[in-house]
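Engineer: Pasting in a structure now, in structure tokens, and then I'll have a few things to ask.
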Amino acid sequence: MIAMNKKNQNAFQLPNQKNATKRTKETVYSSFALEEDARLLGRGKQYYIKTYGCQANVRDSETMAGLFEMMGFSEADTLENADIILFNTCAVRRAAELHVLGEIGSLKHFKNEHPDKLLGICGCMAQEDAVVDEVLKKYPQVDMIFGTHNLHRLPQLIIDWYKEHKKIVEVFSEEGRVIEDLPVKRTMDAKGFVNIMYGCNKFCTYCIVPYTRGKERSRKVEDIIAEIKELQLSGRKEVVLLGQNVNAYGKDIHMEDGFTKLLESCAETGIERIRFYTSHPRDYSPTTIDIMQKYPNVMKSLHLPVQSGSNEILRRMARGYTVDQYKKLFDEMKAKIPEITFTTDLIVGFPGETDEQFQQTLDLVRYCRFDLAYSFVYSPRSGTPAASMKDDIPPEVKKERLHILNDLLAEIANENNQKYLHKHLKVLCEGRSKKNKDVYSGYSEENKLVNFRGEEGLENRIVDVEITNVHSFSLDGKAL
Ligand code: SAH
Ligand code: SF4
Ligand code: F3S
């Protein structure tokens, strides 16, 4: 059980990115229990959480929603109707941060008119020294800032705020623990996210995540399996295993070949579909490919970020592999599982990237012919090693490179998708498409987004769909 610190409620606990780099071996486990005086706190009140960033944040928001509901709050349908508004933020690029700061800026008037409403920031931006400094100076409308390591403290922080309406800043810059028994309110009916590990020890030179999320620490196999069984019981068909670098699973708890063993145990539960994000080429174990091959419920698609096609840039990013090593891994997987689909992440305009180095990224894209890639212009992150590297590439050049890369990616994705025309794919129906209510949308086993027509009541079913048209990043079809 976690001891609640009631004394210290008026002092700010600011982030300290330097402390956040500490890494020790042992993983600390604890379990959550709700304070008695938080139980009825939310009766008649509503909460609203706006989530940015990756699946880790989506899953954290589901935990916070669970905590709110345990306290008796209900979910507001709009931000304006809520008594508590939380922005669960992402720090991975400056553009994402500016977006959140813009939204918070626009709420100044609203907050002045409603001083009783609580406006809070949490998530990865809250773990950054410079951001918290900026928010405290320029955004007085923010009442509460808390980080990624203290979600479990949310009830106590809310108790404290309701007592005096005093600004609260509580950010732990530590390696983090594994906290079990937190509640969850799932946002998706067909599938569920399951954290298998938290944090990252890789310290790629451009990346803020190891500072905002703490050290790599694994949940216990039995806790993960219990969560999957819960998802199964609730009728969900797919589980998505989450970690910044899932292939490092188990290292901190002295498990040999931990991810492969875990994946096999997950497959043995019999849940219809298993996916996992994100894999790191450096830690990839060949035995994982064998498990993917052996179990039909482990989906044959892999997100394997490569970042760049230049050895020199990969070295300066501290990625820990060369282009040839990446290609070798890629070839091995394609050889063992020919139908496997590949997605990746790419960064252009890393400090000092020459045109030739950029061309090498294009060459790698032509070699791997990715099904989809998330491509980004490099964004300097305060406190990371790359932020102090000399960067003399003009912003227009970086933008131009992104355009060229995106055009190539779209062309290749479109060519790849031609093979699905008139084929039958198995699609897990997630519900009506957000863009067009006349069609359903969902993902095929290959992880292709499919929009399709069909009779009523297909939600949360695995549907045979005939593909009638293909685009670069989605397929159209009709249910059979
Ligand atoms: N753990 C995952 C990635 C998490 S961040 C992995 O290692 O693959 C998701 C993606 O954001 C990264 O793969 C990278 O392509 C991109 N990214 C991270 N930091 C960035 C930065 N400073 N500028 C631009 N893109 C960045
Ligand atoms: Fe960031 Fe690298 Fe860790 Fe991925 S592996 S979260 S890119 S430091
Ligand atoms: Fe963003 Fe934090 Fe995820 S920085 S990408 S929300 S781990």
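Each chain in the structure tokens gets a letter, A, B, ..., in the order shown, and its residues are numbered from 1; ligands are numbered from 1 in order too.
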Taking only C-alpha atoms and all ligand atoms into account, produce a table as a Markdown table in which each residue of chain A with an atom at most 6 Å from an atom of ligand 1 appears once, together with its shortest atom pair and the distance in Å to one decimal, ordered by chain and rising number.

Structural biologist:
```
| residue | atom | partner | partner_atom_place_in_ligand_line | distance |
| --- | --- | --- | --- | --- |
| A:Val92 | CA | ligand 1 | 19 (N) | 5.1 |
| A:Arg93 | CA | ligand 1 | 23 (N) | 5.3 |
| A:Tyr206 | CA | ligand 1 | 22 (N) | 4.6 |
| A:Cys207 | CA | ligand 1 | 19 (N) | 4.1 |
| A:Gln244 | CA | ligand 1 | 1 (N) | 3.8 |
| A:Asn245 | CA | ligand 1 | 1 (N) | 5.4 |
| A:Thr278 | CA | ligand 1 | 2 (C) | 5.6 |
| A:His280 | CA | ligand 1 | 8 (O) | 5.9 |
| A:Pro305 | CA | ligand 1 | 8 (O) | 4.8 |
| A:Gln307 | CA | ligand 1 | 15 (O) | 5.5 |
| A:Asp345 | CA | ligand 1 | 15 (O) | 4.5 |
| A:Leu346 | CA | ligand 1 | 15 (O) | 4.9 |
| A:Ile347 | CA | ligand 1 | 15 (O) | 5.3 |
| A:Phe376 | CA | ligand 1 | 25 (N) | 5.1 |
| A:Val377 | CA | ligand 1 | 24 (C) | 5.3 |
| A:Tyr378 | CA | ligand 1 | 23 (N) | 3.7 |
| A:Ser379 | CA | ligand 1 | 23 (N) | 3.8 |
| A:Pro380 | CA | ligand 1 | 22 (N) | 5.2 |
| A:Arg381 | CA | ligand 1 | 22 (N) | 5.6 |
```

Engineer: Taking the DSSP assignment computed from this structure's backbone, write out as a short mmCIF file (atom, residue, chain, number, x, y, z; two decimals) with N, CA, C and O atoms, in the first residue's frame all residues of range 9-198 of chain A that belong to alpha helix (DSSP H).

Structural biologist:
```cif
data_model
loop_
_atom_site.label_atom_id
_atom_site.label_comp_id
_atom_site.auth_asym_id
_atom_site.auth_seq_id
_atom_site.Cartn_x
_atom_site.Cartn_y
_atom_site.Cartn_z
N GLN A 55 0.24 5.43 -27.13
CA GLN A 55 -0.69 4.51 -26.45
C GLN A 55 -0.45 4.49 -24.95
O GLN A 55 -1.37 4.21 -24.19
N ALA A 56 0.80 4.74 -24.52
CA ALA A 56 1.08 4.76 -23.08
C ALA A 56 0.22 5.83 -22.41
O ALA A 56 -0.33 5.62 -21.31
N ASN A 57 0.07 6.96 -23.08
CA ASN A 57 -0.76 8.02 -22.52
C ASN A 57 -2.24 7.66 -22.57
O ASN A 57 -2.99 7.98 -21.64
N VAL A 58 -2.65 7.00 -23.64
CA VAL A 58 -4.06 6.59 -23.74
C VAL A 58 -4.38 5.65 -22.57
O VAL A 58 -5.38 5.81 -21.87
N ARG A 59 -3.46 4.72 -22.31
CA ARG A 59 -3.68 3.77 -21.22
C ARG A 59 -3.67 4.48 -19.86
O ARG A 59 -4.46 4.15 -18.97
N ASP A 60 -2.78 5.47 -19.71
CA ASP A 60 -2.77 6.24 -18.45
C ASP A 60 -4.08 7.00 -18.26
O ASP A 60 -4.60 7.09 -17.14
N SER A 61 -4.60 7.55 -19.35
CA SER A 61 -5.89 8.27 -19.23
C SER A 61 -7.00 7.31 -18.82
O SER A 61 -7.90 7.69 -18.06
N GLU A 62 -6.92 6.06 -19.30
CA GLU A 62 -7.93 5.08 -18.89
C GLU A 62 -7.83 4.78 -17.39
O GLU A 62 -8.82 4.57 -16.72
N THR A 63 -6.60 4.78 -16.89
CA THR A 63 -6.41 4.60 -15.44
C THR A 63 -6.97 5.79 -14.67
O THR A 63 -7.68 5.62 -13.67
N MET A 64 -6.68 7.00 -15.16
CA MET A 64 -7.18 8.18 -14.45
C MET A 64 -8.70 8.24 -14.49
O MET A 64 -9.34 8.59 -13.49
N ALA A 65 -9.29 7.86 -15.64
CA ALA A 65 -10.76 7.82 -15.73
C ALA A 65 -11.29 6.81 -14.70
O ALA A 65 -12.29 7.08 -14.02
N GLY A 66 -10.60 5.67 -14.56
CA GLY A 66 -10.99 4.67 -13.57
C GLY A 66 -10.93 5.24 -12.16
O GLY A 66 -11.83 5.01 -11.34
N LEU A 67 -9.89 6.01 -11.87
CA LEU A 67 -9.75 6.62 -10.55
C LEU A 67 -10.90 7.61 -10.30
O LEU A 67 -11.51 7.63 -9.23
N PHE A 68 -11.18 8.43 -11.31
CA PHE A 68 -12.27 9.41 -11.16
C PHE A 68 -13.58 8.69 -10.85
O PHE A 68 -14.33 9.11 -9.97
N GLU A 69 -13.84 7.60 -11.56
CA GLU A 69 -15.13 6.92 -11.37
C GLU A 69 -15.18 6.23 -10.01
O GLU A 69 -16.24 6.17 -9.39
N MET A 70 -14.03 5.77 -9.54
CA MET A 70 -13.98 5.20 -8.18
C MET A 70 -14.33 6.25 -7.13
O MET A 70 -14.85 5.96 -6.07
N ARG A 94 8.23 19.45 -30.12
CA ARG A 94 7.78 20.77 -29.67
C ARG A 94 6.38 21.08 -30.22
O ARG A 94 5.58 21.72 -29.55
N ALA A 95 6.10 20.66 -31.47
CA ALA A 95 4.80 20.99 -32.07
C ALA A 95 3.66 20.47 -31.19
O ALA A 95 2.65 21.15 -31.00
N ALA A 96 3.84 19.26 -30.64
CA ALA A 96 2.79 18.67 -29.79
C ALA A 96 2.62 19.53 -28.54
O ALA A 96 1.50 19.77 -28.07
N GLU A 97 3.74 20.01 -28.01
CA GLU A 97 3.66 20.84 -26.80
C GLU A 97 2.96 22.16 -27.08
O GLU A 97 2.14 22.62 -26.29
N LEU A 98 3.31 22.78 -28.21
CA LEU A 98 2.72 24.07 -28.54
C LEU A 98 1.21 23.95 -28.71
O LEU A 98 0.46 24.85 -28.34
N HIS A 99 0.79 22.82 -29.22
CA HIS A 99 -0.63 22.59 -29.40
C HIS A 99 -1.35 22.63 -28.04
O HIS A 99 -2.35 23.31 -27.87
N VAL A 100 -0.80 21.91 -27.07
CA VAL A 100 -1.41 21.87 -25.73
C VAL A 100 -1.36 23.26 -25.09
O VAL A 100 -2.36 23.74 -24.53
N LEU A 101 -0.20 23.91 -25.20
CA LEU A 101 -0.08 25.23 -24.57
C LEU A 101 -1.09 26.21 -25.19
O LEU A 101 -1.68 27.04 -24.49
N GLY A 102 -1.30 26.08 -26.50
CA GLY A 102 -2.29 26.92 -27.18
C GLY A 102 -3.68 26.68 -26.61
O GLY A 102 -4.42 27.62 -26.30
N GLU A 103 -4.03 25.41 -26.41
CA GLU A 103 -5.36 25.10 -25.88
C GLU A 103 -5.52 25.62 -24.46
O GLU A 103 -6.56 26.14 -24.08
N ILE A 104 -4.44 25.49 -23.69
CA ILE A 104 -4.52 25.97 -22.30
C ILE A 104 -4.63 27.49 -22.28
O ILE A 104 -5.39 28.06 -21.51
N GLY A 105 -3.88 28.13 -23.19
CA GLY A 105 -3.95 29.59 -23.31
C GLY A 105 -5.37 30.03 -23.60
O GLY A 105 -5.89 30.97 -22.99
N LYS A 108 -8.04 30.57 -20.68
CA LYS A 108 -7.80 31.55 -19.61
C LYS A 108 -9.11 32.22 -19.18
O LYS A 108 -9.44 32.28 -17.99
N HIS A 109 -9.86 32.68 -20.18
CA HIS A 109 -11.10 33.37 -19.92
C HIS A 109 -12.10 32.44 -19.22
O HIS A 109 -12.73 32.81 -18.22
N PHE A 110 -12.20 31.22 -19.76
CA PHE A 110 -13.10 30.20 -19.21
C PHE A 110 -12.80 29.95 -17.74
O PHE A 110 -13.68 29.91 -16.88
N LYS A 111 -11.52 29.84 -17.44
CA LYS A 111 -11.12 29.55 -16.06
C LYS A 111 -11.41 30.77 -15.15
O LYS A 111 -11.85 30.60 -14.00
N ASN A 112 -11.22 31.98 -15.68
CA ASN A 112 -11.55 33.17 -14.89
C ASN A 112 -13.04 33.20 -14.54
O ASN A 112 -13.42 33.57 -13.43
N GLU A 113 -13.84 32.77 -15.49
CA GLU A 113 -15.29 32.76 -15.25
C GLU A 113 -15.72 31.64 -14.32
O GLU A 113 -16.78 31.71 -13.72
N ASP A 129 11.56 20.12 -17.04
CA ASP A 129 11.87 21.30 -16.23
C ASP A 129 11.39 22.57 -16.91
O ASP A 129 10.71 23.41 -16.32
N ALA A 130 11.77 22.73 -18.21
CA ALA A 130 11.50 23.99 -18.90
C ALA A 130 10.01 24.22 -19.08
O ALA A 130 9.53 25.36 -18.98
N VAL A 131 9.25 23.15 -19.31
CA VAL A 131 7.81 23.30 -19.55
C VAL A 131 7.10 23.73 -18.26
O VAL A 131 6.28 24.66 -18.27
N VAL A 132 7.44 23.09 -17.15
CA VAL A 132 6.77 23.45 -15.89
C VAL A 132 7.09 24.90 -15.54
O VAL A 132 6.21 25.67 -15.13
N ASP A 133 8.34 25.30 -15.78
CA ASP A 133 8.74 26.67 -15.55
C ASP A 133 7.88 27.62 -16.40
O ASP A 133 7.34 28.62 -15.91
N GLU A 134 7.74 27.28 -17.66
CA GLU A 134 6.96 28.10 -18.59
C GLU A 134 5.48 28.18 -18.16
O GLU A 134 4.87 29.26 -18.17
N VAL A 135 4.93 27.03 -17.76
CA VAL A 135 3.52 27.01 -17.37
C VAL A 135 3.31 27.87 -16.11
O VAL A 135 2.37 28.66 -16.03
N LEU A 136 4.23 27.73 -15.16
CA LEU A 136 4.07 28.50 -13.91
C LEU A 136 4.16 30.00 -14.19
O LEU A 136 3.45 30.80 -13.59
N LYS A 137 5.02 30.36 -15.14
CA LYS A 137 5.19 31.80 -15.42
C LYS A 137 4.06 32.35 -16.27
O LYS A 137 3.58 33.45 -16.03
N LYS A 138 3.66 31.60 -17.29
CA LYS A 138 2.77 32.21 -18.30
C LYS A 138 1.32 31.73 -18.26
O LYS A 138 0.49 32.30 -18.94
N LEU A 154 -3.51 10.89 -7.76
CA LEU A 154 -4.57 11.78 -8.23
C LEU A 154 -5.68 12.00 -7.19
O LEU A 154 -6.03 13.15 -6.92
N PRO A 155 -6.21 10.93 -6.56
CA PRO A 155 -7.27 11.18 -5.58
C PRO A 155 -6.81 12.13 -4.46
O PRO A 155 -7.52 13.08 -4.12
N GLN A 156 -5.61 11.89 -3.94
CA GLN A 156 -5.12 12.75 -2.86
C GLN A 156 -4.93 14.19 -3.33
O GLN A 156 -5.26 15.14 -2.64
N LEU A 157 -4.42 14.36 -4.53
CA LEU A 157 -4.19 15.71 -5.05
C LEU A 157 -5.53 16.44 -5.20
O LEU A 157 -5.64 17.64 -4.94
N ILE A 158 -6.55 15.70 -5.61
CA ILE A 158 -7.87 16.33 -5.77
C ILE A 158 -8.47 16.69 -4.40
O ILE A 158 -9.01 17.77 -4.22
N ILE A 159 -8.28 15.79 -3.43
CA ILE A 159 -8.74 16.12 -2.06
C ILE A 159 -8.08 17.42 -1.63
O ILE A 159 -8.72 18.35 -1.15
N ASP A 160 -6.76 17.50 -1.84
CA ASP A 160 -6.02 18.70 -1.40
C ASP A 160 -6.53 19.95 -2.11
O ASP A 160 -6.68 21.00 -1.50
N TRP A 161 -6.79 19.84 -3.40
CA TRP A 161 -7.20 21.04 -4.15
C TRP A 161 -8.57 21.52 -3.68
O TRP A 161 -8.79 22.71 -3.49
N TYR A 162 -9.48 20.58 -3.46
CA TYR A 162 -10.82 21.00 -3.02
C TYR A 162 -10.80 21.65 -1.64
O TYR A 162 -11.65 22.46 -1.33
N LYS A 163 -9.81 21.33 -0.83
CA LYS A 163 -9.73 21.94 0.50
C LYS A 163 -9.48 23.44 0.41
O LYS A 163 -10.11 24.23 1.07
N GLU A 164 -8.48 23.83 -0.44
CA GLU A 164 -8.06 25.24 -0.39
C GLU A 164 -7.99 25.93 -1.75
O GLU A 164 -7.67 27.11 -1.82
#
```

Engineer: Taking only residues of chain A that have an atom at most 7 Å from an atom of ligand 3, what is each one's shortest atom pair and its distance in Å to one decimal, using only C-alpha atoms and all ligand atoms, in chain and number order, as JSON lines?

Structural biologist:
```
{"residue": "A:Tyr52", "atom": "CA", "partner": "ligand 3", "partner_atom_place_in_ligand_line": "6 (S)", "distance": 6.5}
{"residue": "A:Gly53", "atom": "CA", "partner": "ligand 3", "partner_atom_place_in_ligand_line": "6 (S)", "distance": 4.0}
{"residue": "A:Cys54", "atom": "CA", "partner": "ligand 3", "partner_atom_place_in_ligand_line": "3 (Fe)", "distance": 4.1}
{"residue": "A:Gln55", "atom": "CA", "partner": "ligand 3", "partner_atom_place_in_ligand_line": "3 (Fe)", "distance": 6.7}
{"residue": "A:Ala56", "atom": "CA", "partner": "ligand 3", "partner_atom_place_in_ligand_line": "3 (Fe)", "distance": 5.7}
{"residue": "A:Asn57", "atom": "CA", "partner": "ligand 3", "partner_atom_place_in_ligand_line": "6 (S)", "distance": 5.2}
{"residue": "A:Thr89", "atom": "CA", "partner": "ligand 3", "partner_atom_place_in_ligand_line": "6 (S)", "distance": 6.2}
{"residue": "A:Cys90", "atom": "CA", "partner": "ligand 3", "partner_atom_place_in_ligand_line": "1 (Fe)", "distance": 3.7}
{"residue": "A:Ala91", "atom": "CA", "partner": "ligand 3", "partner_atom_place_in_ligand_line": "4 (S)", "distance": 3.9}
{"residue": "A:Val92", "atom": "CA", "partner": "ligand 3", "partner_atom_place_in_ligand_line": "4 (S)", "distance": 4.1}
{"residue": "A:Gly123", "atom": "CA", "partner": "ligand 3", "partner_atom_place_in_ligand_line": "6 (S)", "distance": 6.6}
{"residue": "A:Cys124", "atom": "CA", "partner": "ligand 3", "partner_atom_place_in_ligand_line": "2 (Fe)", "distance": 4.6}
{"residue": "A:Ile208", "atom": "CA", "partner": "ligand 3", "partner_atom_place_in_ligand_line": "4 (S)", "distance": 6.4}
{"residue": "A:Val209", "atom": "CA", "partner": "ligand 3", "partner_atom_place_in_ligand_line": "4 (S)", "distance": 5.3}
{"residue": "A:Thr212", "atom": "CA", "partner": "ligand 3", "partner_atom_place_in_ligand_line": "2 (Fe)", "distance": 6.6}
{"residue": "A:Arg213", "atom": "CA", "partner": "ligand 3", "partner_atom_place_in_ligand_line": "7 (S)", "distance": 6.4}
```

Engineer: Do a neighbour search on range 226-239 of chain A at 8 Å with only C-alpha atoms, toss out local chain neighbours closer than 3 positions, and write the hits as JSON, numbers by chain.

Structural biologist: {"A": [189, 190, 191, 192, 193, 194, 222, 223, 266, 269, 271, 272, 273, 274, 275, 428, 460, 461]}

Engineer: Can you list, as a VMD selection string, every protein, DNA or RNA residue that comes within 8 Å of Cys122 in chain A when you count only C-alpha atoms, leaving out same-chain residues fewer than 2 positions away?

Structural biologist: chain A and resid 86 to 89 120 124 to 126 145 to 148

Engineer: Since we have the selection now, will you write its residues out, keeping all heavy atoms, as an mmCIF file, in the first residue's frame?

Structural biologist:
```
data_model
loop_
_atom_site.group_PDB
_atom_site.id
_atom_site.type_symbol
_atom_site.label_atom_id
_atom_site.label_comp_id
_atom_site.auth_asym_id
_atom_site.auth_seq_id
_atom_site.Cartn_x
_atom_site.Cartn_y
_atom_site.Cartn_z
ATOM 1 N N LEU A 86 -8.481 17.703 -17.377
ATOM 2 C CA LEU A 86 -7.060 17.313 -17.378
ATOM 3 C C LEU A 86 -6.542 17.198 -18.798
ATOM 4 O O LEU A 86 -7.196 16.614 -19.659
ATOM 5 C CB LEU A 86 -6.881 15.944 -16.715
ATOM 6 C CG LEU A 86 -6.994 15.836 -15.208
ATOM 7 C CD1 LEU A 86 -6.675 14.398 -14.780
ATOM 8 C CD2 LEU A 86 -6.056 16.806 -14.501
ATOM 9 N N PHE A 87 -5.348 17.743 -19.022
ATOM 10 C CA PHE A 87 -4.663 17.556 -20.292
ATOM 11 C C PHE A 87 -3.534 16.559 -20.062
ATOM 12 O O PHE A 87 -2.579 16.868 -19.346
ATOM 13 C CB PHE A 87 -4.088 18.882 -20.798
ATOM 14 C CG PHE A 87 -5.143 19.816 -21.341
ATOM 15 C CD1 PHE A 87 -5.866 20.636 -20.497
ATOM 16 C CD2 PHE A 87 -5.418 19.853 -22.697
ATOM 17 C CE1 PHE A 87 -6.843 21.476 -20.991
ATOM 18 C CE2 PHE A 87 -6.399 20.687 -23.204
ATOM 19 C CZ PHE A 87 -7.113 21.510 -22.351
ATOM 20 N N ASN A 88 -3.681 15.378 -20.631
ATOM 21 C CA ASN A 88 -2.632 14.366 -20.498
ATOM 22 C C ASN A 88 -1.711 14.507 -21.712
ATOM 23 O O ASN A 88 -2.077 14.160 -22.826
ATOM 24 C CB ASN A 88 -3.262 12.973 -20.421
ATOM 25 C CG ASN A 88 -2.249 11.914 -20.041
ATOM 26 O OD1 ASN A 88 -1.101 12.230 -19.689
ATOM 27 N ND2 ASN A 88 -2.637 10.664 -20.132
ATOM 28 N N THR A 89 -0.524 15.036 -21.486
ATOM 29 C CA THR A 89 0.268 15.627 -22.579
ATOM 30 C C THR A 89 1.428 14.760 -23.058
ATOM 31 O O THR A 89 1.883 13.855 -22.367
ATOM 32 C CB THR A 89 0.872 16.957 -22.081
ATOM 33 O OG1 THR A 89 1.737 16.650 -20.978
ATOM 34 C CG2 THR A 89 -0.207 17.922 -21.644
ATOM 35 N N GLY A 120 -5.962 21.000 -15.005
ATOM 36 C CA GLY A 120 -4.689 20.339 -14.681
ATOM 37 C C GLY A 120 -3.921 19.872 -15.903
ATOM 38 O O GLY A 120 -4.502 19.591 -16.949
ATOM 39 N N CYS A 124 3.661 13.601 -20.015
ATOM 40 C CA CYS A 124 5.097 13.765 -20.223
ATOM 41 C C CYS A 124 5.582 15.211 -20.161
ATOM 42 O O CYS A 124 6.701 15.467 -19.712
ATOM 43 C CB CYS A 124 5.500 13.101 -21.536
ATOM 44 S SG CYS A 124 5.441 11.295 -21.406
ATOM 45 N N MET A 125 4.764 16.184 -20.593
ATOM 46 C CA MET A 125 5.216 17.585 -20.506
ATOM 47 C C MET A 125 5.466 18.000 -19.058
ATOM 48 O O MET A 125 6.328 18.832 -18.788
ATOM 49 C CB MET A 125 4.181 18.513 -21.136
ATOM 50 C CG MET A 125 4.267 18.602 -22.645
ATOM 51 S SD MET A 125 2.859 19.483 -23.343
ATOM 52 C CE MET A 125 3.255 21.178 -22.929
ATOM 53 N N ALA A 126 4.688 17.420 -18.150
ATOM 54 C CA ALA A 126 4.832 17.774 -16.739
ATOM 55 C C ALA A 126 6.179 17.320 -16.170
ATOM 56 O O ALA A 126 6.613 17.794 -15.117
ATOM 57 C CB ALA A 126 3.699 17.159 -15.928
ATOM 58 N N ILE A 145 -0.348 20.501 -11.604
ATOM 59 C CA ILE A 145 0.580 19.833 -12.519
ATOM 60 C C ILE A 145 1.073 18.574 -11.813
ATOM 61 O O ILE A 145 1.577 18.650 -10.693
ATOM 62 C CB ILE A 145 1.799 20.743 -12.839
ATOM 63 C CG1 ILE A 145 1.345 22.094 -13.418
ATOM 64 C CG2 ILE A 145 2.758 20.039 -13.799
ATOM 65 C CD1 ILE A 145 2.489 23.086 -13.676
ATOM 66 N N PHE A 146 0.878 17.430 -12.447
ATOM 67 C CA PHE A 146 1.466 16.207 -11.875
ATOM 68 C C PHE A 146 1.980 15.335 -13.003
ATOM 69 O O PHE A 146 1.560 15.445 -14.145
ATOM 70 C CB PHE A 146 0.479 15.463 -10.969
ATOM 71 C CG PHE A 146 -0.747 14.956 -11.661
ATOM 72 C CD1 PHE A 146 -0.824 13.646 -12.090
ATOM 73 C CD2 PHE A 146 -1.825 15.784 -11.884
ATOM 74 C CE1 PHE A 146 -1.967 13.163 -12.732
ATOM 75 C CE2 PHE A 146 -2.966 15.320 -12.533
ATOM 76 C CZ PHE A 146 -3.031 14.014 -12.959
ATOM 77 N N GLY A 147 2.928 14.451 -12.668
ATOM 78 C CA GLY A 147 3.677 13.755 -13.714
ATOM 79 C C GLY A 147 3.231 12.335 -13.970
ATOM 80 O O GLY A 147 2.166 11.893 -13.518
ATOM 81 N N THR A 148 4.074 11.617 -14.711
ATOM 82 C CA THR A 148 3.728 10.256 -15.124
ATOM 83 C C THR A 148 3.922 9.240 -13.994
ATOM 84 O O THR A 148 3.411 8.133 -14.072
ATOM 85 C CB THR A 148 4.614 9.801 -16.297
ATOM 86 O OG1 THR A 148 5.989 9.876 -15.887
ATOM 87 C CG2 THR A 148 4.438 10.683 -17.517
#
```

Engineer: State, in Å with one decimal place, the distance from CA of Thr341 in chain A to CA of Glu356 in chain A.

Structural biologist: 27.8 Å

Engineer: Between A:Met188, A:Val306, A:Leu14, A:Leu182, which one has atoms that come closest to ligand 2, using only C-alpha atoms and all ligand atoms?

Structural biologist: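 The shortest atom-to-atom distance to ligand 2 comes from A:Val306.
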
Engineer: For Gln13 in chain A, work out the shell of residues within 7 Å, counting only C-alpha atoms and skipping chain neighbours fewer than 3 positions away, then give it as an mmCIF file with N, CA, C and O atoms, in the first residue's frame.

Structural biologist:
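Result written to out07.cif:
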```
data_model
loop_
_atom_site.group_PDB
_atom_site.id
_atom_site.type_symbol
_atom_site.label_atom_id
_atom_site.label_comp_id
_atom_site.auth_asym_id
_atom_site.auth_seq_id
_atom_site.Cartn_x
_atom_site.Cartn_y
_atom_site.Cartn_z
ATOM 1 N N VAL A 169 1.752 21.501 -7.526
ATOM 2 C CA VAL A 169 2.712 20.950 -8.487
ATOM 3 C C VAL A 169 3.377 19.760 -7.813
ATOM 4 O O VAL A 169 4.046 19.919 -6.791
ATOM 5 N N GLU A 170 3.143 18.564 -8.333
ATOM 6 C CA GLU A 170 3.778 17.386 -7.735
ATOM 7 C C GLU A 170 4.293 16.480 -8.857
ATOM 8 O O GLU A 170 3.531 15.754 -9.482
ATOM 9 N N VAL A 171 5.577 16.598 -9.120
ATOM 10 C CA VAL A 171 6.186 15.770 -10.166
ATOM 11 C C VAL A 171 7.338 14.984 -9.553
ATOM 12 O O VAL A 171 8.214 15.581 -8.934
#
```

Engineer: Just the strand (DSSP E or B) stuff from range 164-351 of chain A, please, per backbone DSSP, written as an MDAnalysis selection string.

Structural biologist: chainID A and resid 168:170 178:180 191:195 197:198 217:218 238:242 273:277 298 301:303 307 341:348

Engineer: Per residue of range 306-344 of chain A within 10 Å of range 436-451 of chain A, record the nearest atom pair and its distance in Å to one decimal, counting only C-alpha atoms, with rows in chain order and ascending residue number, as JSON lines.

Structural biologist:
```
{"residue": "A:Glu339", "atom": "CA", "partner": "A:Glu446", "partner_atom": "CA", "distance": 8.1}
{"residue": "A:Ile340", "atom": "CA", "partner": "A:Glu446", "partner_atom": "CA", "distance": 7.1}
{"residue": "A:Thr341", "atom": "CA", "partner": "A:Glu446", "partner_atom": "CA", "distance": 6.1}
{"residue": "A:Phe342", "atom": "CA", "partner": "A:Glu446", "partner_atom": "CA", "distance": 9.1}
{"residue": "A:Thr343", "atom": "CA", "partner": "A:Asn447", "partner_atom": "CA", "distance": 9.5}
```

Engineer: Excluding range 28-31 of chain A and residues on its chain fewer than 4 positions from it, collect all residues at most 12 Å away from it, counting only C-alpha atoms, and give them as a ChimeraX atom specification.

Structural biologist: /A:1-3,24,152,174-183,215-220,223,252-253

Engineer: I'd like the neighbourhood of Ser472 in chain A as a list in words, where a residue qualifies if any of its atoms comes within 12 Å (using only C-alpha atoms), though same-chain residues fewer than 5 positions away should be ignored.

Structural biologist: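 Once the adjacent positions are removed, what remains is Phe370, Asp371, Leu372, Ala373, Asn406, Asp407, Leu408, Leu409, Ala410, Glu411, Ile412, Ala413, Asn414, Glu415, Asn416, Asn417, Gln418, Tyr420, Lys448, Leu449 and Val450 of chain A.
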
Engineer: For those residues, write C-alpha atoms to a file as a tab-separated table (two decimals), in the first residue's frame.

Structural biologist:
```
chain	number	residue	atom	x	y	z
A	370	PHE	CA	7.15	-0.24	-45.52
A	371	ASP	CA	3.39	-0.62	-45.31
A	372	LEU	CA	3.21	2.55	-43.29
A	373	ALA	CA	5.68	4.88	-41.61
A	406	ASN	CA	6.15	11.22	-47.44
A	407	ASP	CA	5.53	11.12	-51.19
A	408	LEU	CA	7.73	8.05	-51.50
A	409	LEU	CA	6.09	6.35	-48.51
A	410	ALA	CA	2.60	6.97	-49.90
A	411	GLU	CA	3.57	5.68	-53.34
A	412	ILE	CA	5.06	2.48	-51.93
A	413	ALA	CA	2.17	1.93	-49.51
A	414	ASN	CA	-0.25	2.25	-52.40
A	415	GLU	CA	1.68	-0.25	-54.50
A	416	ASN	CA	1.84	-2.66	-51.54
A	417	ASN	CA	-1.91	-2.43	-51.06
A	418	GLN	CA	-2.76	-3.41	-54.64
A	420	TYR	CA	-5.29	-6.89	-51.37
A	448	LYS	CA	-4.51	-2.55	-42.52
A	449	LEU	CA	-7.19	0.02	-41.77
A	450	VAL	CA	-10.33	-1.19	-43.55
```
